[in-house]
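K.L.:
First the structure, then my questions, so here it is.
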Amino acid sequence: MKEKKIILIVLLIIVADQALKIWIKTHMPLSHTWDAFYRSPVSPYDNGIRVLGKKFQLFFVENEGMAWGWKFGGNLGKMALTLFRLAAVIFGIYYIRTLIRKNYHNGYIICAGLIFAGALGNLIDSMFYGIIFEESTYDHVAKLFPAHGYAGFLHGRVVDMLYFPIIKTHYPTWFPFVGGNEFEFFSPVFNIADASISIGVIALFLFQKRFVKKLPEKQELHAENSERLTLNA
């Protein structure tokens, strides 16, 4: 696989991820599930957007932590997580180029590209969104490029919006500990970058034997010769 192809895949994911995030951030307040009869609507999307009824919604939330809304210890944890993402992205560039030069399986390279694109997509939020956006609240839709952003460099919050509450019900009353409590599948709110990471990781897990299968000796020799020719050129 040539570098141009994997760059194109990464760019398509980043553009789609950031375009949707920017639209959500500048058109929707933080979504809520209650009916606020006591105040005027902030936007037509106060309660989110039902794309496919209740089964698929655009439901705007922000998180300061990892993918799928997981958190990681306050401001210091937030900065450490952002710096870790930055280091992972820098390493990812080197790693993907190495995979291409060593003629790894195309599926393995694509999976690495999906994970890289997802990490970069969320890194952009963490690094810059606090600077370029106003605060989003339940009563306010943020503006892009305000005089003052809602947070400093490296302290932006990741924008999530994809919500698939496929099943909403209650546990049977006879269930131990959770009987009668609400049960929801699938409850996390995530974004395109999170989905890209998850697809890459799951595909690697499912097809790892095929992806990491060694090349025959002749193909390995050909790959080594091609790399030498590239370096000499």
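Just remember, in the structure tokens the first chain shown is A, the second B, etc., residues are 1-based per chain, and ligands are 1-based in the order shown.
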Determine, using only C-alpha atoms, which residues of region 40-151 of chain A have any atom at most 9 Å from an atom of region 18-34 of chain A, and tabulate each with its shortest atom pair and distance in Å to one decimal place, rows ordered by chain and then rising number, as JSON lines.
P.N.:
```
{"residue": "A:Val42", "atom": "CA", "partner": "A:Pro29", "partner_atom": "CA", "distance": 7.2}
{"residue": "A:Ser43", "atom": "CA", "partner": "A:Met28", "partner_atom": "CA", "distance": 6.5}
{"residue": "A:Pro44", "atom": "CA", "partner": "A:Met28", "partner_atom": "CA", "distance": 8.0}
{"residue": "A:Tyr45", "atom": "CA", "partner": "A:Met28", "partner_atom": "CA", "distance": 5.7}
{"residue": "A:Asp46", "atom": "CA", "partner": "A:Ser31", "partner_atom": "CA", "distance": 5.6}
{"residue": "A:Asn47", "atom": "CA", "partner": "A:Ser31", "partner_atom": "CA", "distance": 5.1}
{"residue": "A:Gly48", "atom": "CA", "partner": "A:Ser31", "partner_atom": "CA", "distance": 5.4}
{"residue": "A:Leu58", "atom": "CA", "partner": "A:Ile24", "partner_atom": "CA", "distance": 8.5}
{"residue": "A:Phe59", "atom": "CA", "partner": "A:Ser31", "partner_atom": "CA", "distance": 5.6}
{"residue": "A:Phe60", "atom": "CA", "partner": "A:Ser31", "partner_atom": "CA", "distance": 5.1}
{"residue": "A:Val61", "atom": "CA", "partner": "A:Leu30", "partner_atom": "CA", "distance": 5.7}
{"residue": "A:Glu62", "atom": "CA", "partner": "A:Leu30", "partner_atom": "CA", "distance": 7.9}
{"residue": "A:Gly121", "atom": "CA", "partner": "A:Gln18", "partner_atom": "CA", "distance": 7.0}
{"residue": "A:Ile124", "atom": "CA", "partner": "A:Gln18", "partner_atom": "CA", "distance": 8.5}
{"residue": "A:Asp125", "atom": "CA", "partner": "A:Gln18", "partner_atom": "CA", "distance": 8.6}
{"residue": "A:Phe133", "atom": "CA", "partner": "A:Lys25", "partner_atom": "CA", "distance": 8.2}
{"residue": "A:Ser136", "atom": "CA", "partner": "A:Pro29", "partner_atom": "CA", "distance": 5.9}
{"residue": "A:Thr137", "atom": "CA", "partner": "A:Leu30", "partner_atom": "CA", "distance": 5.3}
{"residue": "A:Tyr138", "atom": "CA", "partner": "A:Leu30", "partner_atom": "CA", "distance": 4.7}
{"residue": "A:Asp139", "atom": "CA", "partner": "A:Pro29", "partner_atom": "CA", "distance": 6.3}
{"residue": "A:His140", "atom": "CA", "partner": "A:Pro29", "partner_atom": "CA", "distance": 5.5}
{"residue": "A:Val141", "atom": "CA", "partner": "A:Pro29", "partner_atom": "CA", "distance": 4.6}
{"residue": "A:Ala142", "atom": "CA", "partner": "A:Thr26", "partner_atom": "CA", "distance": 5.4}
{"residue": "A:Lys143", "atom": "CA", "partner": "A:Thr26", "partner_atom": "CA", "distance": 5.7}
{"residue": "A:Leu144", "atom": "CA", "partner": "A:Thr26", "partner_atom": "CA", "distance": 6.8}
```
K.L.:
Emit the selected residues as a tab-separated table (two decimals), in the first residue's frame, including C-alpha atoms.
P.N.:
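And here is the file that came out, selection20.tsv:
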```tsv
chain	number	residue	atom	x	y	z
A	42	VAL	CA	-32.15	27.86	22.72
A	43	SER	CA	-32.11	26.18	19.32
A	44	PRO	CA	-34.25	23.69	17.38
A	45	TYR	CA	-31.91	21.00	18.68
A	46	ASP	CA	-32.19	21.41	22.46
A	47	ASN	CA	-33.10	17.74	22.90
A	48	GLY	CA	-30.75	16.48	20.21
A	58	LEU	CA	-27.25	13.19	17.47
A	59	PHE	CA	-27.00	13.96	21.18
A	60	PHE	CA	-24.37	16.59	22.06
A	61	VAL	CA	-22.17	15.92	25.08
A	62	GLU	CA	-18.58	16.88	25.89
A	121	GLY	CA	-9.23	13.57	15.61
A	124	ILE	CA	-7.39	18.23	17.79
A	125	ASP	CA	-10.31	18.73	20.19
A	133	PHE	CA	-14.76	27.91	20.91
A	136	SER	CA	-21.29	25.13	25.41
A	137	THR	CA	-24.05	24.84	28.02
A	138	TYR	CA	-27.64	23.64	28.09
A	139	ASP	CA	-28.68	27.29	27.58
A	140	HIS	CA	-26.05	28.51	25.12
A	141	VAL	CA	-24.81	27.57	21.65
A	142	ALA	CA	-21.08	28.22	21.33
A	143	LYS	CA	-19.55	30.53	18.75
A	144	LEU	CA	-16.41	29.80	16.78
```
K.L.:
List every residue of region 3-196 of chain A that DSSP, applied to the backbone, labels as strand (DSSP E), and write the result as a list in words.
P.N.:
Ile49, Arg50, Gln57, Leu58, Phe59, Phe60, Val61, Glu62, Asn63, Val158, Val159, Asp160, Met161, Leu162, Tyr163, Ile167, Lys168, Thr169, His170, Glu182, Phe183, Glu184, Phe185, Val189 and Phe190 of chain A
K.L.:
For His105 (chain A), find every residue with an atom within 7 Å (counting only C-alpha atoms), except residues of its own chain fewer than 3 positions away, and show them as a PyMOL selection string.
P.N.:
chain A and resi 108-109+211
K.L.:
Quick check, in Å to one decimal: how far apart do CA of Asn191 (chain A) and CA of Pro165 (chain A) lie?
P.N.:
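Those two atoms sit 14.7 Å apart.
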K.L.:
Restricting the calculation to only C-alpha atoms, which member of A:Ser126, A:Thr169, A:Thr98, A:Asn181 is positioned closest to Glu64 (chain A)?
P.N.:
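With only C-alpha atoms as the atom set, the closest residue is A:Ser126.
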K.L.:
Measuring atom to atom with only C-alpha atoms, identify which of A:Ile199, A:Val51, A:Leu162, A:Val15 is nearest to Ile110 (chain A).
P.N.:
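Between A:Ile199, A:Val51, A:Leu162, A:Val15, the residue approaching Ile110 (chain A) most closely is A:Ile199.
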K.L.:
Out of A:Leu52, A:Ala112, A:Lys78, A:Ile100, which residue has the shortest atom-to-atom distance to Ala203 (chain A) when counting only C-alpha atoms?
P.N.:
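Among the listed residues, the smallest separation from Ala203 (chain A) belongs to A:Ala112.
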K.L.:
Restricting the calculation to only C-alpha atoms, which member of A:Gly107, A:Pro41, A:Tyr94, A:Val158 is positioned closest to Gln208 (chain A)?
P.N.:
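Under the stated criterion, the closest residue is A:Gly107.
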K.L.:
Give me the residues near Leu83 (chain A) as a PyMOL selection string, where near means some atom within 12 Å (using only C-alpha atoms) and where sequence neighbours in that chain fewer than 2 positions away do not count.
P.N.:
chain A and resi 76-81+85-90+119-120+122-124+126-127+153-155
K.L.:
Which residues, written as a compact mmCIF listing (two decimals) with all heavy atoms, in the first residue's frame, have at least one atom at most 9 Å from Ile96 (chain A), with only C-alpha atoms counted and residues fewer than 4 positions away on the same chain left out?
P.N.:
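File out23.txt, as written:
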```
# COMPACT_ATOMS: atom_id res chain seq x y z
N GLU A 3 1.83 5.26 0.52
CA GLU A 3 1.55 6.22 1.58
C GLU A 3 0.39 7.14 1.21
O GLU A 3 -0.39 7.54 2.08
CB GLU A 3 2.80 7.05 1.86
CG GLU A 3 3.90 6.26 2.58
CD GLU A 3 5.06 7.14 2.98
OE1 GLU A 3 4.94 8.38 2.88
OE2 GLU A 3 6.10 6.60 3.40
N ILE A 6 -3.05 5.67 2.32
CA ILE A 6 -3.33 5.71 3.76
C ILE A 6 -3.51 7.15 4.23
O ILE A 6 -4.34 7.44 5.10
CB ILE A 6 -2.24 4.99 4.56
CG1 ILE A 6 -2.76 4.64 5.97
CG2 ILE A 6 -0.97 5.79 4.65
CD1 ILE A 6 -3.83 3.59 5.96
N PHE A 91 4.32 9.04 17.22
CA PHE A 91 4.82 7.68 17.03
C PHE A 91 4.05 6.99 15.90
O PHE A 91 4.64 6.22 15.13
CB PHE A 91 4.68 6.89 18.32
CG PHE A 91 5.00 5.43 18.16
CD1 PHE A 91 6.32 5.01 18.04
CD2 PHE A 91 3.99 4.49 18.10
CE1 PHE A 91 6.63 3.66 17.88
CE2 PHE A 91 4.28 3.14 17.94
CZ PHE A 91 5.60 2.73 17.82
N GLY A 92 2.73 7.27 15.80
CA GLY A 92 1.92 6.63 14.78
C GLY A 92 2.38 6.95 13.37
O GLY A 92 2.33 6.09 12.47
N ILE A 100 4.45 0.36 5.98
CA ILE A 100 4.37 0.45 4.52
C ILE A 100 5.69 0.02 3.88
O ILE A 100 5.71 -0.74 2.91
CB ILE A 100 3.99 1.88 4.09
CG1 ILE A 100 2.56 2.21 4.57
CG2 ILE A 100 4.10 2.05 2.57
CD1 ILE A 100 2.17 3.65 4.39
N ARG A 101 6.80 0.51 4.41
CA ARG A 101 8.11 0.18 3.85
C ARG A 101 8.43 -1.30 3.96
O ARG A 101 9.10 -1.87 3.09
CB ARG A 101 9.19 1.00 4.54
CG ARG A 101 9.20 2.47 4.15
CD ARG A 101 10.15 3.26 5.00
NE ARG A 101 10.17 4.66 4.61
CZ ARG A 101 10.70 5.63 5.34
NH1 ARG A 101 11.27 5.33 6.50
NH2 ARG A 101 10.69 6.87 4.93
N ILE A 109 -2.16 -2.33 7.82
CA ILE A 109 -1.83 -0.92 7.64
C ILE A 109 -3.08 -0.05 7.75
O ILE A 109 -3.07 1.02 8.38
CB ILE A 109 -1.13 -0.70 6.28
CG1 ILE A 109 0.19 -1.47 6.24
CG2 ILE A 109 -0.87 0.79 6.04
CD1 ILE A 109 0.85 -1.48 4.87
N ALA A 112 -4.10 0.25 11.37
CA ALA A 112 -3.22 1.21 12.05
C ALA A 112 -3.60 2.64 11.66
O ALA A 112 -3.59 3.55 12.50
CB ALA A 112 -1.77 0.93 11.69
N GLY A 113 -3.96 2.84 10.39
CA GLY A 113 -4.38 4.17 9.94
C GLY A 113 -5.67 4.62 10.60
O GLY A 113 -5.83 5.79 10.94
N PHE A 116 -4.83 5.61 14.14
CA PHE A 116 -4.11 6.87 14.10
C PHE A 116 -5.05 8.04 13.82
O PHE A 116 -4.99 9.08 14.50
CB PHE A 116 -3.03 6.81 13.01
CG PHE A 116 -2.36 8.12 12.73
CD1 PHE A 116 -1.33 8.56 13.55
CD2 PHE A 116 -2.75 8.91 11.66
CE1 PHE A 116 -0.71 9.79 13.30
CE2 PHE A 116 -2.14 10.12 11.40
CZ PHE A 116 -1.11 10.56 12.22
```
K.L.:
What separation in Å, quoted to one decimal, exists between CA of Phe84 (chain A) and CA of Phe145 (chain A)?
P.N.:
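Those two atoms sit 26.2 Å apart.
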K.L.:
Can you check which residues of region 118-209 of chain A DSSP gives as alpha helix (DSSP H) on the backbone and send them as an NGL selection string?
P.N.:
:A and (118-124 or 130-132 or 192-209)
K.L.:
Would you mind exporting N, CA and C atoms of the selected residues as a PDB file, in the first residue's frame?
P.N.:
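Result saved to out_30.pdb:
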```pdb
ATOM      1  N   GLY A 118      -8.265   8.257  14.396  1.00  0.00           N
ATOM      2  CA  GLY A 118      -9.119   8.508  15.557  1.00  0.00           C
ATOM      3  C   GLY A 118      -8.387   9.240  16.663  1.00  0.00           C
ATOM      4  N   ALA A 119      -7.150   8.827  16.925  1.00  0.00           N
ATOM      5  CA  ALA A 119      -6.357   9.513  17.949  1.00  0.00           C
ATOM      6  C   ALA A 119      -6.105  10.971  17.569  1.00  0.00           C
ATOM      7  N   LEU A 120      -5.807  11.209  16.297  1.00  0.00           N
ATOM      8  CA  LEU A 120      -5.559  12.577  15.849  1.00  0.00           C
ATOM      9  C   LEU A 120      -6.824  13.426  15.911  1.00  0.00           C
ATOM     10  N   GLY A 121      -7.968  12.834  15.554  1.00  0.00           N
ATOM     11  CA  GLY A 121      -9.227  13.573  15.608  1.00  0.00           C
ATOM     12  C   GLY A 121      -9.546  14.075  17.002  1.00  0.00           C
ATOM     13  N   ASN A 122      -9.398  13.225  18.011  1.00  0.00           N
ATOM     14  CA  ASN A 122      -9.669  13.642  19.388  1.00  0.00           C
ATOM     15  C   ASN A 122      -8.568  14.536  19.946  1.00  0.00           C
ATOM     16  N   LEU A 123      -7.337  14.360  19.443  1.00  0.00           N
ATOM     17  CA  LEU A 123      -6.240  15.238  19.868  1.00  0.00           C
ATOM     18  C   LEU A 123      -6.510  16.679  19.448  1.00  0.00           C
ATOM     19  N   ILE A 124      -7.067  16.879  18.259  1.00  0.00           N
ATOM     20  CA  ILE A 124      -7.391  18.231  17.792  1.00  0.00           C
ATOM     21  C   ILE A 124      -8.346  18.916  18.757  1.00  0.00           C
ATOM     22  N   GLY A 130     -10.650  24.386  23.250  1.00  0.00           N
ATOM     23  CA  GLY A 130     -10.787  25.343  24.352  1.00  0.00           C
ATOM     24  C   GLY A 130     -10.420  26.754  23.947  1.00  0.00           C
ATOM     25  N   ILE A 131      -9.563  26.883  22.934  1.00  0.00           N
ATOM     26  CA  ILE A 131      -9.113  28.196  22.465  1.00  0.00           C
ATOM     27  C   ILE A 131     -10.061  28.787  21.430  1.00  0.00           C
ATOM     28  N   ILE A 132     -10.581  27.953  20.529  1.00  0.00           N
ATOM     29  CA  ILE A 132     -11.323  28.475  19.366  1.00  0.00           C
ATOM     30  C   ILE A 132     -12.832  28.481  19.559  1.00  0.00           C
ATOM     31  N   ILE A 192     -16.986  10.175  15.558  1.00  0.00           N
ATOM     32  CA  ILE A 192     -16.412   9.426  14.436  1.00  0.00           C
ATOM     33  C   ILE A 192     -14.997   8.965  14.762  1.00  0.00           C
ATOM     34  N   ALA A 193     -14.225   9.801  15.460  1.00  0.00           N
ATOM     35  CA  ALA A 193     -12.862   9.418  15.837  1.00  0.00           C
ATOM     36  C   ALA A 193     -12.873   8.184  16.742  1.00  0.00           C
ATOM     37  N   ASP A 194     -13.767   8.163  17.739  1.00  0.00           N
ATOM     38  CA  ASP A 194     -13.888   6.986  18.613  1.00  0.00           C
ATOM     39  C   ASP A 194     -14.240   5.740  17.810  1.00  0.00           C
ATOM     40  N   ALA A 195     -15.186   5.901  16.870  1.00  0.00           N
ATOM     41  CA  ALA A 195     -15.602   4.770  16.046  1.00  0.00           C
ATOM     42  C   ALA A 195     -14.451   4.264  15.195  1.00  0.00           C
ATOM     43  N   SER A 196     -13.637   5.178  14.671  1.00  0.00           N
ATOM     44  CA  SER A 196     -12.487   4.805  13.855  1.00  0.00           C
ATOM     45  C   SER A 196     -11.491   3.978  14.664  1.00  0.00           C
ATOM     46  N   ILE A 197     -11.208   4.425  15.898  1.00  0.00           N
ATOM     47  CA  ILE A 197     -10.306   3.673  16.776  1.00  0.00           C
ATOM     48  C   ILE A 197     -10.875   2.286  17.059  1.00  0.00           C
ATOM     49  N   SER A 198     -12.153   2.231  17.390  1.00  0.00           N
ATOM     50  CA  SER A 198     -12.773   0.955  17.760  1.00  0.00           C
ATOM     51  C   SER A 198     -12.780  -0.022  16.590  1.00  0.00           C
ATOM     52  N   ILE A 199     -13.115   0.463  15.395  1.00  0.00           N
ATOM     53  CA  ILE A 199     -13.128  -0.407  14.211  1.00  0.00           C
ATOM     54  C   ILE A 199     -11.730  -0.949  13.939  1.00  0.00           C
ATOM     55  N   GLY A 200     -10.714  -0.078  14.043  1.00  0.00           N
ATOM     56  CA  GLY A 200      -9.339  -0.521  13.823  1.00  0.00           C
ATOM     57  C   GLY A 200      -8.909  -1.582  14.812  1.00  0.00           C
ATOM     58  N   VAL A 201      -9.211  -1.371  16.094  1.00  0.00           N
ATOM     59  CA  VAL A 201      -8.811  -2.317  17.138  1.00  0.00           C
ATOM     60  C   VAL A 201      -9.557  -3.650  16.981  1.00  0.00           C
ATOM     61  N   ILE A 202     -10.870  -3.580  16.745  1.00  0.00           N
ATOM     62  CA  ILE A 202     -11.668  -4.806  16.610  1.00  0.00           C
ATOM     63  C   ILE A 202     -11.218  -5.614  15.393  1.00  0.00           C
ATOM     64  N   ALA A 203     -10.970  -4.926  14.272  1.00  0.00           N
ATOM     65  CA  ALA A 203     -10.512  -5.624  13.064  1.00  0.00           C
ATOM     66  C   ALA A 203      -9.156  -6.283  13.289  1.00  0.00           C
ATOM     67  N   LEU A 204      -8.259  -5.608  13.991  1.00  0.00           N
ATOM     68  CA  LEU A 204      -6.959  -6.210  14.308  1.00  0.00           C
ATOM     69  C   LEU A 204      -7.131  -7.467  15.159  1.00  0.00           C
ATOM     70  N   PHE A 205      -8.043  -7.394  16.108  1.00  0.00           N
ATOM     71  CA  PHE A 205      -8.282  -8.540  16.985  1.00  0.00           C
ATOM     72  C   PHE A 205      -8.882  -9.713  16.210  1.00  0.00           C
ATOM     73  N   LEU A 206      -9.830  -9.435  15.317  1.00  0.00           N
ATOM     74  CA  LEU A 206     -10.518 -10.493  14.590  1.00  0.00           C
ATOM     75  C   LEU A 206      -9.655 -11.132  13.508  1.00  0.00           C
ATOM     76  N   PHE A 207      -8.816 -10.313  12.864  1.00  0.00           N
ATOM     77  CA  PHE A 207      -8.065 -10.800  11.706  1.00  0.00           C
ATOM     78  C   PHE A 207      -6.556 -10.790  11.925  1.00  0.00           C
ATOM     79  N   GLN A 208      -6.128 -10.829  13.196  1.00  0.00           N
ATOM     80  CA  GLN A 208      -4.703 -10.694  13.485  1.00  0.00           C
ATOM     81  C   GLN A 208      -3.865 -11.794  12.839  1.00  0.00           C
ATOM     82  N   LYS A 209      -4.379 -13.020  12.789  1.00  0.00           N
ATOM     83  CA  LYS A 209      -3.599 -14.103  12.193  1.00  0.00           C
ATOM     84  C   LYS A 209      -3.359 -13.858  10.708  1.00  0.00           C
TER      85      LYS A 209
END
```
K.L.:
CA of Glu135 (chain A) and CA of Ala117 (chain A), how far apart in Å?
P.N.:
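So the answer is 25.8 Å.
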K.L.:
From the set A:Lys54, A:Arg39, A:Arg97, A:His148, which residue has the shortest atom-to-atom contact distance to Lys2 (chain A), counting only C-alpha atoms?
P.N.:
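Among A:Lys54, A:Arg39, A:Arg97, A:His148, it is A:Arg97 that comes nearest to Lys2 (chain A).
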